[in-house]
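A.B. asks: The structure follows.
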Amino acid sequence: MKLIHISDIHLTENGHQIWEVNTLEHFCSAIQKIKSLDSVDGIIVSGDLSDDGSRWSYEYIDRAFAEIGIPTFCCPGNHDNLNTFFGGYEPRFYKIPELVEIGDWSFILLNSAVTGMSRGYFNIEKLKGLLERSHGNTTVVLHHPPIEQEGWLNRKLLENRDEFNDIILHTENVRLVLYGHTHYHTNSIINGVVYSSAPSTGFAFNPNSQKFKIVSGEEGFNIIEIKNDDIMIAKVNLQSL
């Protein structure tokens with residue numbers, strides 16, 4: 001199975017720039033490059049589709065993913081307008097399910113966004129219930145980092161991450177946790193579970209750079225390949241494609 005993990009698109013109404021960065025241009029570049037890839041089974045988006053929560057941004061993203069034609073599944077981030085994301089706009093192509101199967105894997109898309117908060121929080125009983133309904137190997141997707149991050153990126157994490165990781169630890173079929181929010185790619189293995197963050201397609205950060213300094217050229221997405229019991233994750237820079 002081959003998947004694309006995208007996060008932090010940060011699209012704005014009519015493609016207005018953010019911090020002098022054209023996130024619309026970056027997103028369009030990512031879309032064109034994904035179209036050129038072979039045998040992609042699904043696209044996972046771990047939040048912050050929009051930067052300003054505008055309906056325009058969700059409509060544009062929906063049309064772009066429809067152009068690719070690969071099944072696409074999204075959860076919200078702290079910049080997304082939750083009212084628009086879950087009810088104000090009904091996407092024609094991308095889906096926002098809580099639980100979906102891709103191949104023989106189950107994917108739980110968890111809402112960790114709370115209106116008015118940059119930090120994240122998840123519903124414990126909701127996650128437990130979804131895990132009980134999942135079958136076989138399972139991936140949990142959320143926006144906020146559930147583990148400590150490097151350098152100055154170790155901020156605005158998942159508030160109840162200890163409870164999250166305790167649940168993951170005691171659920172044998174969870175093999176992979178995907179998240180975003182940091183605008184930086186990193187992989188960790190904790191108790192046999194792979195934790196992976198995707199770089200932002202919008203604008204990138206680096207834990208070793210100045211706080212909130214945009215690192216041009218590091219924008220991208222992850223390609224996840226699963227063969228038997230092996231999970232292989234590679235970051236792809238937009239400029240390298």
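By order in the structure tokens, chains are A, B, ...; within a chain, residues start at 1; ligands start at 1, following the order shown.
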If you run DSSP over the backbone, which residues in segment 24-184 of chain A end up alpha helix (DSSP H)? Put them as a ChimeraX atom specification.

C.D. replies: /A:24-35,55-68,82-83,124-133,161-169

A.B. asks: For the structure I just gave you, how does DSSP split segment 11-236 of chain A - specifically, which residues are strand (DSSP E)? Reply as number ranges by chain.

C.D. replies: A: 42-46, 72-75, 99-102, 105-109, 138-141, 174-179, 186-190, 193-197, 220-227, 230-236

A.B. asks: Compare A:Leu158, A:Leu176, A:Leu110, A:Leu130 by their minimum atom-to-atom distance to Glu225 of chain A, counting only C-alpha atoms, and give me the closest one.

C.D. replies: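 For Glu225 of chain A, the nearest of the given residues is A:Leu176.
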
A.B. asks: Hey, which of A:Thr186, A:Asn206, A:Asn137, A:Ser197 ends up closest to Asp229 of chain A? Count only C-alpha atoms.

C.D. replies: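 The closest residue to Asp229 of chain A is A:Asn137.
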
A.B. asks: Counting only C-alpha atoms, which of A:Gly202, A:Pro97, A:Gly103, A:Gly180 gets nearest to Phe85 of chain A?

C.D. replies: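 That would be A:Pro97, the residue with the smallest distance to Phe85 of chain A.
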
A.B. asks: Find the residues near His170 of chain A: any atom within 12 Å, counting only C-alpha atoms, skip ones fewer than 3 places away on the same chain, and give them as a ChimeraX atom specification.

C.D. replies: /A:128,131,163-167,173-175,191-193

A.B. asks: Please save C-alpha atoms of the selected residues as a PDB file, in the first residue's frame.

C.D. replies:
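File produced: part-v8.pdb:
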ATOM      1  CA  LYS A 128     -11.654   4.145  22.531  1.00  0.00           C
ATOM      2  CA  LEU A 131     -10.486   1.582  18.206  1.00  0.00           C
ATOM      3  CA  GLU A 163      -3.877   9.645  27.968  1.00  0.00           C
ATOM      4  CA  PHE A 164      -3.546   9.316  24.189  1.00  0.00           C
ATOM      5  CA  ASN A 165      -0.265   7.421  24.375  1.00  0.00           C
ATOM      6  CA  ASP A 166      -1.510   5.188  27.171  1.00  0.00           C
ATOM      7  CA  ILE A 167      -4.420   4.145  24.963  1.00  0.00           C
ATOM      8  CA  ASN A 173      -3.357  -3.313  16.516  1.00  0.00           C
ATOM      9  CA  VAL A 174      -2.237   0.343  16.328  1.00  0.00           C
ATOM     10  CA  ARG A 175       0.905   0.424  14.201  1.00  0.00           C
ATOM     11  CA  ASN A 191       6.791   0.839  21.932  1.00  0.00           C
ATOM     12  CA  GLY A 192       6.820  -0.508  18.395  1.00  0.00           C
ATOM     13  CA  VAL A 193       4.452   2.178  17.052  1.00  0.00           C
TER      14      VAL A 193
END

A.B. asks: Excluding Ile226 of chain A and residues on its chain fewer than 4 positions from it, collect all residues at most 8 Å away from it, counting only C-alpha atoms, and give them as a list in words.

C.D. replies: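 In the requested form, the answer reads Met1, Lys2, Asp230, Ile231 and Met232 of chain A.
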
A.B. asks: Report as a ChimeraX atom specification all protein, DNA and RNA residues lying within 8 Å of Gly136 of chain A, evaluated on only C-alpha atoms, omitting residues in the same chain fewer than 5 positions from it.

C.D. replies: /A:104-106,173

A.B. asks: Between A:Ser54, A:Ser216, A:Asn228, A:Ser134, which residue has the minimum interatomic distance to Trp19 of chain A, considering only C-alpha atoms?

C.D. replies: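 Among the listed residues, A:Ser216 lies closest to Trp19 of chain A.
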
A.B. asks: For Val114 of chain A, list every protein, DNA or RNA residue within 10 Å, evaluated using only C-alpha atoms, and leave out those in the same chain fewer than 2 positions away; present the list as a list of chain:residue names.

C.D. replies: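 Listed by chain and then number, they are A:Pro76, A:Gly77, A:Asn78, A:His79, A:Asp80, A:Asn81, A:Leu82, A:Asn111, A:Ser112, A:Gly116, A:Met117, A:Ser118, A:Arg119, A:Gly120, A:Tyr121, A:Phe122.
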
A.B. asks: Restricting the calculation to only C-alpha atoms: of A:Ser46, A:Leu169, A:Arg92, A:Val40, which residue gets closest to Phe65 of chain A?

C.D. replies: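 Between A:Ser46, A:Leu169, A:Arg92, A:Val40, the residue approaching Phe65 of chain A most closely is A:Arg92.
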
A.B. asks: Please produce, as a tab-separated table, a per-residue contact table for segment 170-217 of chain A versus segment 141-150 of chain A (criterion: any atom at most 8 Å away, only C-alpha atoms considered), showing the nearest atom pair and its distance in Å to one decimal, sorted by chain then residue number.

C.D. replies:
residue	atom	partner	partner_atom	distance
A:Val177	CA	A:Val141	CA	5.8
A:Leu178	CA	A:Val141	CA	4.7
A:Tyr179	CA	A:His143	CA	4.9
A:Gly180	CA	A:His143	CA	5.0
A:His181	CA	A:His144	CA	5.7
A:Thr182	CA	A:Pro145	CA	7.6
A:Ser197	CA	A:Pro145	CA	7.8
A:Pro207	CA	A:Glu150	CA	5.7

A.B. asks: Dump N, CA and C atoms for the selected residues as a PDB file, in the first residue's frame?

C.D. replies:
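Output file selection_32.pdb is given in full below:
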ATOM      1  N   VAL A 177       0.929   6.295  13.861  1.00  0.00           N
ATOM      2  CA  VAL A 177       0.262   7.536  14.260  1.00  0.00           C
ATOM      3  C   VAL A 177       0.788   8.653  13.363  1.00  0.00           C
ATOM      4  N   LEU A 178      -0.124   9.341  12.687  1.00  0.00           N
ATOM      5  CA  LEU A 178       0.241  10.429  11.778  1.00  0.00           C
ATOM      6  C   LEU A 178      -0.275  11.751  12.319  1.00  0.00           C
ATOM      7  N   TYR A 179       0.566  12.791  12.226  1.00  0.00           N
ATOM      8  CA  TYR A 179       0.150  14.102  12.720  1.00  0.00           C
ATOM      9  C   TYR A 179       0.864  15.208  11.948  1.00  0.00           C
ATOM     10  N   GLY A 180       0.518  16.447  12.253  1.00  0.00           N
ATOM     11  CA  GLY A 180       1.116  17.610  11.592  1.00  0.00           C
ATOM     12  C   GLY A 180       1.436  18.701  12.595  1.00  0.00           C
ATOM     13  N   HIS A 181       1.038  19.939  12.258  1.00  0.00           N
ATOM     14  CA  HIS A 181       1.098  21.091  13.154  1.00  0.00           C
ATOM     15  C   HIS A 181       2.486  21.704  13.307  1.00  0.00           C
ATOM     16  N   THR A 182       3.539  20.899  13.251  1.00  0.00           N
ATOM     17  CA  THR A 182       4.884  21.427  13.481  1.00  0.00           C
ATOM     18  C   THR A 182       5.533  21.982  12.216  1.00  0.00           C
ATOM     19  N   SER A 197       5.313  12.805  11.580  1.00  0.00           N
ATOM     20  CA  SER A 197       4.720  14.095  11.216  1.00  0.00           C
ATOM     21  C   SER A 197       5.096  14.430   9.784  1.00  0.00           C
ATOM     22  N   PRO A 207      13.442  22.985  13.733  1.00  0.00           N
ATOM     23  CA  PRO A 207      13.669  23.150  15.177  1.00  0.00           C
ATOM     24  C   PRO A 207      14.984  23.833  15.510  1.00  0.00           C
TER      25      PRO A 207
END

A.B. asks: At a cut-off of 7 Å, using only C-alpha atoms, what residues contact Pro71 of chain A? Leave out same-chain residues fewer than 3 positions from it and give the result as a ChimeraX atom specification.

C.D. replies: /A:42-43,94
